[in-house]
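Participant: Input structure: input01.pdb, which contains PDB, C-alpha atoms, pLDDT in the B column.
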ATOM      1  CA  MET R   1     -32.564 -35.001   6.542  1.00 46.00           C
ATOM      2  CA  ALA R   2     -35.923 -33.423   7.322  1.00 45.00           C
ATOM      3  CA  PRO R   3     -36.685 -30.179   5.476  1.00 45.00           C
ATOM      4  CA  TRP R   4     -37.165 -28.257   8.718  1.00 40.00           C
ATOM      5  CA  ARG R   5     -33.680 -29.308   9.829  1.00 40.00           C
ATOM      6  CA  VAL R   6     -32.159 -28.158   6.540  1.00 40.00           C
ATOM      7  CA  ASN R   7     -33.891 -24.804   6.857  1.00 45.00           C
ATOM      8  CA  GLY R   8     -32.755 -24.580  10.460  1.00 42.00           C
ATOM      9  CA  LEU R   9     -29.126 -25.195   9.516  1.00 39.00           C
ATOM     10  CA  VAL R  10     -29.330 -22.588   6.746  1.00 43.00           C
ATOM     11  CA  TRP R  11     -30.742 -20.079   9.217  1.00 39.00           C
ATOM     12  CA  ILE R  12     -28.049 -20.825  11.797  1.00 35.00           C
ATOM     13  CA  MET R  13     -25.249 -20.491   9.242  1.00 41.00           C
ATOM     14  CA  ALA R  14     -26.706 -17.191   8.034  1.00 45.00           C
ATOM     15  CA  ARG R  15     -26.818 -15.878  11.603  1.00 43.00           C
ATOM     16  CA  VAL R  16     -23.244 -17.002  12.293  1.00 39.00           C
ATOM     17  CA  ARG R  17     -21.995 -15.332   9.120  1.00 44.00           C
ATOM     18  CA  SER R  18     -23.961 -12.193   9.962  1.00 46.00           C
ATOM     19  CA  CYS R  19     -22.436 -11.995  13.437  1.00 43.00           C
ATOM     20  CA  GLU R  20     -18.974 -12.598  12.039  1.00 42.00           C
ATOM     21  CA  THR R  21     -19.519  -9.883   9.460  1.00 44.00           C
ATOM     22  CA  ILE R  22     -20.466  -7.415  12.161  1.00 45.00           C
ATOM     23  CA  ASP R  23     -17.893  -8.363  14.763  1.00 55.00           C
ATOM     24  CA  MET R  24     -14.696  -8.328  12.753  1.00 50.00           C
ATOM     25  CA  PRO R  25     -14.371  -4.660  11.680  1.00 65.00           C
ATOM     26  CA  ARG R  26     -16.624  -3.432  14.474  1.00 67.00           C
ATOM     27  CA  ARG R  27     -13.937  -3.806  17.126  1.00 69.00           C
ATOM     28  CA  PHE R  28     -11.652  -1.557  15.076  1.00 66.00           C
ATOM     29  CA  LEU R  29     -14.310   1.091  14.406  1.00 69.00           C
ATOM     30  CA  LYS R  30     -15.419   1.327  18.031  1.00 69.00           C
ATOM     31  CA  ARG R  31     -12.010   2.719  18.946  1.00 67.00           C
ATOM     32  CA  TYR R  32     -12.435   5.744  16.691  1.00 65.00           C
ATOM     33  CA  ILE R  33     -16.101   6.720  16.424  1.00 70.00           C
ATOM     34  CA  PRO R  34     -17.304   9.507  18.752  1.00 69.00           C
ATOM     35  CA  HIS R  35     -18.873   8.531  22.059  1.00 68.00           C
ATOM     36  CA  PRO R  36     -22.614   9.261  22.442  1.00 65.00           C
ATOM     37  CA  GLU R  37     -22.026  11.705  25.277  1.00 66.00           C
ATOM     38  CA  THR R  38     -19.452  13.563  23.199  1.00 69.00           C
ATOM     39  CA  LEU R  39     -22.010  14.064  20.433  1.00 68.00           C
ATOM     40  CA  ARG R  40     -24.745  15.150  22.819  1.00 67.00           C
ATOM     41  CA  ARG R  41     -22.509  17.922  24.160  1.00 68.00           C
ATOM     42  CA  GLN R  42     -21.941  19.389  20.688  1.00 72.00           C
ATOM     43  CA  ARG R  43     -23.777  22.692  20.256  1.00 69.00           C
ATOM     44  CA  SER R  44     -24.066  22.223  16.518  1.00 67.00           C
ATOM     45  CA  LEU R  45     -26.023  18.993  17.090  1.00 73.00           C
ATOM     46  CA  ARG R  46     -28.676  20.410  19.400  1.00 67.00           C
ATOM     47  CA  LEU R  47     -31.117  20.771  16.523  1.00 68.00           C
ATOM     48  CA  VAL R  48     -30.889  17.041  15.792  1.00 69.00           C
ATOM     49  CA  SER R  49     -30.346  15.759  19.339  1.00 67.00           C
ATOM     50  CA  GLY R  50     -33.675  13.922  19.201  1.00 68.00           C
ATOM     51  CA  LEU R  51     -32.309  11.659  16.463  1.00 71.00           C
ATOM     52  CA  MET R  52     -29.633  10.265  18.759  1.00 74.00           C
ATOM     53  CA  THR R  53     -32.134   8.243  20.780  1.00 72.00           C
ATOM     54  CA  ASP R  54     -32.790   5.936  17.828  1.00 78.00           C
ATOM     55  CA  PRO R  55     -30.790   2.732  18.520  1.00 79.00           C
ATOM     56  CA  SER R  56     -30.756   1.767  14.838  1.00 82.00           C
ATOM     57  CA  LEU R  57     -28.481   4.758  14.153  1.00 84.00           C
ATOM     58  CA  TRP R  58     -25.736   3.278  16.362  1.00 82.00           C
ATOM     59  CA  LEU R  59     -25.462  -0.123  14.662  1.00 84.00           C
ATOM     60  CA  LEU R  60     -22.178  -1.171  13.095  1.00 85.00           C
ATOM     61  CA  SER R  61     -22.843  -3.380  10.093  1.00 87.00           C
ATOM     62  CA  ARG R  62     -21.346  -3.408   6.625  1.00 88.00           C
ATOM     63  CA  ARG R  63     -24.305  -1.525   5.182  1.00 92.00           C
ATOM     64  CA  SER R  64     -24.584   1.052   7.979  1.00 92.00           C
ATOM     65  CA  VAL R  65     -20.839   1.748   8.014  1.00 92.00           C
ATOM     66  CA  ALA R  66     -20.500   2.009   4.223  1.00 94.00           C
ATOM     67  CA  ASN R  67     -23.482   4.364   4.025  1.00 96.00           C
ATOM     68  CA  ALA R  68     -22.131   6.362   6.968  1.00 95.00           C
ATOM     69  CA  PHE R  69     -18.925   6.929   5.022  1.00 95.00           C
ATOM     70  CA  SER R  70     -21.013   8.198   2.110  1.00 97.00           C
ATOM     71  CA  VAL R  71     -22.940  10.617   4.330  1.00 97.00           C
ATOM     72  CA  GLY R  72     -19.897  11.807   6.275  1.00 96.00           C
ATOM     73  CA  LEU R  73     -17.629  12.320   3.270  1.00 97.00           C
ATOM     74  CA  PHE R  74     -20.387  14.027   1.292  1.00 97.00           C
ATOM     75  CA  SER R  75     -21.054  16.464   4.153  1.00 96.00           C
ATOM     76  CA  ALA R  76     -17.352  17.074   4.739  1.00 96.00           C
ATOM     77  CA  MET R  77     -16.737  18.173   1.159  1.00 96.00           C
ATOM     78  CA  LEU R  78     -19.429  20.872   1.182  1.00 95.00           C
ATOM     79  CA  PRO R  79     -18.368  24.398   2.243  1.00 92.00           C
ATOM     80  CA  MET R  80     -21.268  25.153   4.550  1.00 90.00           C
ATOM     81  CA  PRO R  81     -21.989  25.680   8.247  1.00 87.00           C
ATOM     82  CA  PHE R  82     -23.485  23.000  10.500  1.00 87.00           C
ATOM     83  CA  GLN R  83     -21.839  20.136   8.630  1.00 91.00           C
ATOM     84  CA  MET R  84     -22.252  17.875  11.658  1.00 87.00           C
ATOM     85  CA  ALA R  85     -25.988  18.530  11.843  1.00 88.00           C
ATOM     86  CA  VAL R  86     -26.325  17.867   8.119  1.00 92.00           C
ATOM     87  CA  ALA R  87     -24.414  14.592   8.503  1.00 93.00           C
ATOM     88  CA  ALA R  88     -26.584  13.547  11.460  1.00 90.00           C
ATOM     89  CA  PHE R  89     -29.761  14.280   9.519  1.00 91.00           C
ATOM     90  CA  GLY R  90     -28.385  12.393   6.514  1.00 93.00           C
ATOM     91  CA  ALA R  91     -27.604   9.395   8.722  1.00 93.00           C
ATOM     92  CA  TRP R  92     -31.169   9.449  10.026  1.00 91.00           C
ATOM     93  CA  LEU R  93     -32.564   9.800   6.515  1.00 92.00           C
ATOM     94  CA  ILE R  94     -30.830   6.735   5.057  1.00 92.00           C
ATOM     95  CA  ARG R  95     -30.628   4.799   8.351  1.00 91.00           C
ATOM     96  CA  CYS R  96     -26.861   4.452   8.780  1.00 92.00           C
ATOM     97  CA  ASN R  97     -24.400   4.873  11.657  1.00 91.00           C
ATOM     98  CA  LEU R  98     -24.826   8.398  13.025  1.00 90.00           C
ATOM     99  CA  PRO R  99     -21.631   8.846  15.097  1.00 88.00           C
ATOM    100  CA  LEU R 100     -19.455   7.658  12.237  1.00 91.00           C
ATOM    101  CA  SER R 101     -21.217   9.983   9.792  1.00 92.00           C
ATOM    102  CA  VAL R 102     -20.699  12.928  12.142  1.00 89.00           C
ATOM    103  CA  GLY R 103     -17.107  12.011  12.977  1.00 88.00           C
ATOM    104  CA  LEU R 104     -16.073  11.863   9.317  1.00 92.00           C
ATOM    105  CA  VAL R 105     -17.086  15.489   8.884  1.00 93.00           C
ATOM    106  CA  TRP R 106     -13.896  16.409  10.730  1.00 90.00           C
ATOM    107  CA  ILE R 107     -11.881  15.417   7.682  1.00 93.00           C
ATOM    108  CA  THR R 108     -12.383  19.088   6.865  1.00 92.00           C
ATOM    109  CA  ASN R 109     -10.946  20.777   9.953  1.00 90.00           C
ATOM    110  CA  PRO R 110      -9.153  24.116  10.377  1.00 88.00           C
ATOM    111  CA  LEU R 111      -5.923  22.539   9.127  1.00 90.00           C
ATOM    112  CA  THR R 112      -7.247  20.714   6.073  1.00 93.00           C
ATOM    113  CA  MET R 113     -10.153  22.972   5.094  1.00 92.00           C
ATOM    114  CA  PRO R 114      -8.189  25.550   3.043  1.00 92.00           C
ATOM    115  CA  LEU R 115      -6.444  22.882   0.957  1.00 93.00           C
ATOM    116  CA  ILE R 116      -9.580  20.777   0.377  1.00 95.00           C
ATOM    117  CA  PHE R 117     -11.820  23.699  -0.520  1.00 94.00           C
ATOM    118  CA  TYR R 118      -9.204  25.269  -2.762  1.00 94.00           C
ATOM    119  CA  GLY R 119      -8.882  21.926  -4.522  1.00 95.00           C
ATOM    120  CA  ASN R 120     -12.669  21.845  -4.920  1.00 96.00           C
ATOM    121  CA  TYR R 121     -12.549  25.380  -6.312  1.00 95.00           C
ATOM    122  CA  ARG R 122      -9.906  24.456  -8.891  1.00 95.00           C
ATOM    123  CA  LEU R 123     -11.916  21.403  -9.912  1.00 96.00           C
ATOM    124  CA  GLY R 124     -15.038  23.525 -10.339  1.00 96.00           C
ATOM    125  CA  ALA R 125     -13.146  26.152 -12.323  1.00 95.00           C
ATOM    126  CA  TRP R 126     -11.779  23.440 -14.610  1.00 95.00           C
ATOM    127  CA  LEU R 127     -15.255  21.977 -15.140  1.00 96.00           C
ATOM    128  CA  MET R 128     -16.678  25.448 -15.849  1.00 95.00           C
ATOM    129  CA  ASN R 129     -13.713  26.418 -18.029  1.00 94.00           C
ATOM    130  CA  ALA R 130     -13.222  29.493 -15.845  1.00 92.00           C
ATOM    131  CA  ASN R 131     -10.106  31.415 -14.900  1.00 90.00           C
ATOM    132  CA  VAL R 132      -8.413  30.202 -11.732  1.00 90.00           C
ATOM    133  CA  ARG R 133      -7.181  32.453  -8.955  1.00 88.00           C
ATOM    134  CA  GLU R 134      -3.763  31.266  -7.866  1.00 88.00           C
ATOM    135  CA  ALA R 135      -3.436  30.540  -4.166  1.00 86.00           C
ATOM    136  CA  PRO R 136      -0.907  32.383  -2.010  1.00 85.00           C
ATOM    137  CA  THR R 137       2.023  30.624  -0.417  1.00 84.00           C
ATOM    138  CA  GLN R 138       0.192  30.592   2.920  1.00 85.00           C
ATOM    139  CA  LEU R 139      -3.264  29.347   1.957  1.00 88.00           C
ATOM    140  CA  SER R 140      -5.901  30.001   4.609  1.00 88.00           C
ATOM    141  CA  THR R 141      -9.661  30.044   5.091  1.00 86.00           C
ATOM    142  CA  ARG R 142      -9.407  33.832   5.323  1.00 88.00           C
ATOM    143  CA  TRP R 143      -8.096  33.994   1.745  1.00 88.00           C
ATOM    144  CA  ILE R 144     -11.025  31.838   0.581  1.00 89.00           C
ATOM    145  CA  ALA R 145     -13.555  33.899   2.549  1.00 88.00           C
ATOM    146  CA  ASP R 146     -12.220  37.218   1.183  1.00 89.00           C
ATOM    147  CA  ARG R 147     -12.687  35.968  -2.393  1.00 89.00           C
ATOM    148  CA  MET R 148     -15.916  34.060  -1.836  1.00 89.00           C
ATOM    149  CA  VAL R 149     -17.960  36.276  -4.187  1.00 87.00           C
ATOM    150  CA  ASP R 150     -15.600  35.575  -7.085  1.00 90.00           C
ATOM    151  CA  ILE R 151     -14.934  31.905  -6.470  1.00 92.00           C
ATOM    152  CA  LEU R 152     -18.333  30.777  -5.118  1.00 93.00           C
ATOM    153  CA  PRO R 153     -19.809  29.319  -8.361  1.00 94.00           C
ATOM    154  CA  ALA R 154     -16.695  27.275  -9.132  1.00 95.00           C
ATOM    155  CA  LEU R 155     -16.286  26.330  -5.473  1.00 95.00           C
ATOM    156  CA  MET R 156     -19.856  25.018  -5.230  1.00 96.00           C
ATOM    157  CA  VAL R 157     -19.637  23.059  -8.493  1.00 96.00           C
ATOM    158  CA  GLY R 158     -16.313  21.523  -7.527  1.00 97.00           C
ATOM    159  CA  SER R 159     -17.481  20.785  -3.987  1.00 96.00           C
ATOM    160  CA  VAL R 160     -20.630  18.982  -5.138  1.00 97.00           C
ATOM    161  CA  VAL R 161     -18.665  16.886  -7.632  1.00 97.00           C
ATOM    162  CA  SER R 162     -16.032  16.090  -4.998  1.00 97.00           C
ATOM    163  CA  ALA R 163     -18.736  15.263  -2.445  1.00 97.00           C
ATOM    164  CA  VAL R 164     -20.505  12.832  -4.769  1.00 97.00           C
ATOM    165  CA  GLY R 165     -17.232  11.238  -5.835  1.00 97.00           C
ATOM    166  CA  ALA R 166     -15.966  10.873  -2.257  1.00 97.00           C
ATOM    167  CA  ALA R 167     -19.306   9.446  -1.108  1.00 97.00           C
ATOM    168  CA  LEU R 168     -19.397   6.806  -3.843  1.00 97.00           C
ATOM    169  CA  LEU R 169     -15.731   5.896  -3.520  1.00 97.00           C
ATOM    170  CA  GLY R 170     -15.899   5.696   0.275  1.00 95.00           C
ATOM    171  CA  ASN R 171     -18.941   3.430   0.144  1.00 96.00           C
ATOM    172  CA  VAL R 172     -17.383   1.026  -2.358  1.00 96.00           C
ATOM    173  CA  VAL R 173     -14.012   0.913  -0.594  1.00 95.00           C
ATOM    174  CA  ILE R 174     -15.566   0.206   2.818  1.00 92.00           C
ATOM    175  CA  ARG R 175     -17.705  -2.608   1.417  1.00 92.00           C
ATOM    176  CA  LEU R 176     -14.650  -4.173  -0.257  1.00 92.00           C
ATOM    177  CA  ILE R 177     -12.495  -3.852   2.871  1.00 89.00           C
ATOM    178  CA  TRP R 178     -15.274  -5.298   5.033  1.00 86.00           C
ATOM    179  CA  ARG R 179     -15.741  -8.250   2.707  1.00 87.00           C
ATOM    180  CA  TRP R 180     -11.980  -8.836   2.583  1.00 86.00           C
ATOM    181  CA  GLN R 181     -11.772  -8.772   6.386  1.00 82.00           C
ATOM    182  CA  VAL R 182     -14.602 -11.277   6.747  1.00 80.00           C
ATOM    183  CA  SER R 183     -13.137 -13.536   4.054  1.00 81.00           C
ATOM    184  CA  ARG R 184      -9.755 -13.454   5.786  1.00 80.00           C
ATOM    185  CA  SER R 185     -11.386 -14.289   9.097  1.00 76.00           C
ATOM    186  CA  TRP R 186     -13.205 -17.276   7.613  1.00 78.00           C
ATOM    187  CA  LYS R 187     -10.017 -18.559   5.983  1.00 77.00           C
ATOM    188  CA  ARG R 188      -8.179 -18.204   9.289  1.00 76.00           C
ATOM    189  CA  ARG R 189     -10.894 -20.165  11.087  1.00 77.00           C
ATOM    190  CA  ALA R 190     -10.839 -22.853   8.396  1.00 77.00           C
ATOM    191  CA  ARG R 191      -7.048 -23.242   8.798  1.00 76.00           C
ATOM    192  CA  ARG R 192      -7.420 -23.546  12.566  1.00 77.00           C
ATOM    193  CA  ARG R 193     -10.129 -26.168  12.117  1.00 77.00           C
ATOM    194  CA  ARG R 194      -7.953 -28.177   9.741  1.00 74.00           C
ATOM    195  CA  ARG R 195      -5.013 -28.008  12.164  1.00 76.00           C
ATOM    196  CA  GLN R 196      -7.219 -29.188  15.011  1.00 75.00           C
ATOM    197  CA  GLN R 197      -8.540 -32.072  12.920  1.00 72.00           C
ATOM    198  CA  HIS R 198      -4.963 -32.979  11.911  1.00 67.00           C
ATOM    199  CA  ASP R 199      -3.782 -32.885  15.546  1.00 67.00           C
ATOM    200  CA  GLU R 200      -6.702 -35.033  16.678  1.00 67.00           C
ATOM    201  CA  SER R 201      -5.970 -37.578  13.959  1.00 65.00           C
TER     202      SER R 201
END
I'd like the structure from this file rewritten - as structure tokens, please.

Facilitator:
Amino acid sequence: MAPWRVNGLVWIMARVRSCETIDMPRRFLKRYIPHPETLRRQRSLRLVSGLMTDPSLWLLSRRSVANAFSVGLFSAMLPMPFQMAVAAFGAWLIRCNLPLSVGLVWITNPLTMPLIFYGNYRLGAWLMNANVREAPTQLSTRWIADRMVDILPALMVGSVVSAVGAALLGNVVIRLIWRWQVSRSWKRRARRRRRQQHDES
């Protein structure tokens, strides 16, 4: 076979595998990521609204999704205002999926925030070998805010460690799940092809 034909077949197979890699988990993710118009209406994203016009920040590939999980989970674990804007800027900085990065910030919402940040505080206190303030039965963001001066160093240390850990773990897990999904899809297609060849014979 001519060399140009071999190279052409290699290129075609690479493109087919690339499309398959994108299409399989993409259909699932599209059901859950925020819509562009929803993001544009967010007040906290007005400062970074210009970033949303970049089409490369809306791609759904294994790399962009895995990195978006890193950005979103990292931002979510940090006790700071404008988490969504920080996640959007992070997505722009490392060129990953912006809506997914922003959407993952809502892991820390009014219901989960007290528990997550108190857990970060306890982790930081353990790392700093500091005394831990026991949480009340009804843990709330108000309790954390009232004691912010005392718990801030441990909270920040624990939050940064949790953010880095969540970002790394999320990235690795997404890449493994994506690869498993694509592998399963290829095996399913191979079984169908064998059945068709058996039926034709």

Participant: Show which residues sit within 6 Å of range 81-97 of chain R, as a PyMOL selection string. Count all atoms listed in the file, and ignore same-chain residues fewer than 6 positions away.

Facilitator: chain R and resi 45+57-59+64-65+67-68+71-72+75

Participant: Please report the interatomic distance between CA of Ser185 in chain R and CA of Val102 in chain R in Å with one decimal.

Facilitator: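 We find that CA of Ser185 in chain R and CA of Val102 in chain R lie 28.9 Å from each other.
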
Participant: Choose the residue, out of R:Met148, R:Leu115, R:Leu73, R:Ala167, that has the smallest atom-to-atom separation from Ala135 in chain R; count all atoms listed in the file.

Facilitator: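 Looking only at the distances to Ala135 in chain R, the closest residue turns out to be R:Leu115.
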
Participant: May I ask for the distance between CA of Val160 in chain R and CA of Pro114 in chain R, given in Å to one decimal place?

Facilitator: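 If I compute the distance from CA of Val160 in chain R to CA of Pro114 in chain R, I get 16.3 Å.
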
Participant: Would you mind telling me which residue in R:Val173, R:Met113, R:Leu100, R:Val182 lies nearest to Arg142 in chain R when using all atoms listed in the file?

Facilitator: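 Using all atoms listed in the file, the shortest distance to Arg142 in chain R belongs to R:Met113.
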
Participant: Within 12 Å of (-15.5, 24.7, -15.1) (coordinates as in the file), grab all the protein and nucleic acid residues, counting only C-alpha atoms, and write them out as a list in words.

Facilitator: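 Those residues, ordered by chain and then number, are Asn120, Tyr121, Arg122, Leu123, Gly124, Ala125, Trp126, Leu127, Met128, Asn129, Ala130, Asn131, Val132, Ile151, Pro153, Ala154, Leu155, Met156, Val157, Gly158, Ser159 and Val161 of chain R.
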
Participant: Between R:Ile107, R:Trp186, R:Arg179, R:Arg192, which is the closest to Arg62 in chain R once you count all atoms listed in the file?

Facilitator: R:Arg179

Participant: My list of candidates is R:Leu139, R:Gln42, R:Phe69, R:Ser61. Which is closest to Ala163 in chain R when distances are computed with all atoms listed in the file?

Facilitator: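 So, comparing all the options, the nearest one is R:Phe69.
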
Participant: Go through R:Asn171, R:Pro55, R:Tyr118, R:Ala190 and flag the residue nearest Ser70 in chain R, using only C-alpha atoms for the distances.

Facilitator: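 Using only C-alpha atoms, Ser70 in chain R sits closest to R:Asn171.
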
Participant: Would you compute the distance between CA of Trp143 in chain R and CA of Leu169 in chain R? Give it in Å to one decimal.

Facilitator: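 Going from CA of Trp143 in chain R over to CA of Leu169 in chain R covers 29.6 Å.
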
Participant: Return as AutoDock Vina command-line options the box centre and box size in Å, one decimal, for an axis-aligned box around all listed atoms of range 77-84 of chain R padded by 4 Å per side.

Facilitator:
--center_x -20.1 --center_y 21.8 --center_z 6.4 --size_x 14.7 --size_y 15.8 --size_z 18.5

Participant: Using all atoms listed in the file, can you tell me which of R:Thr53, R:Ile177, R:Gly119, R:Ala76 comes closest to Trp106 in chain R?

Facilitator: R:Ala76
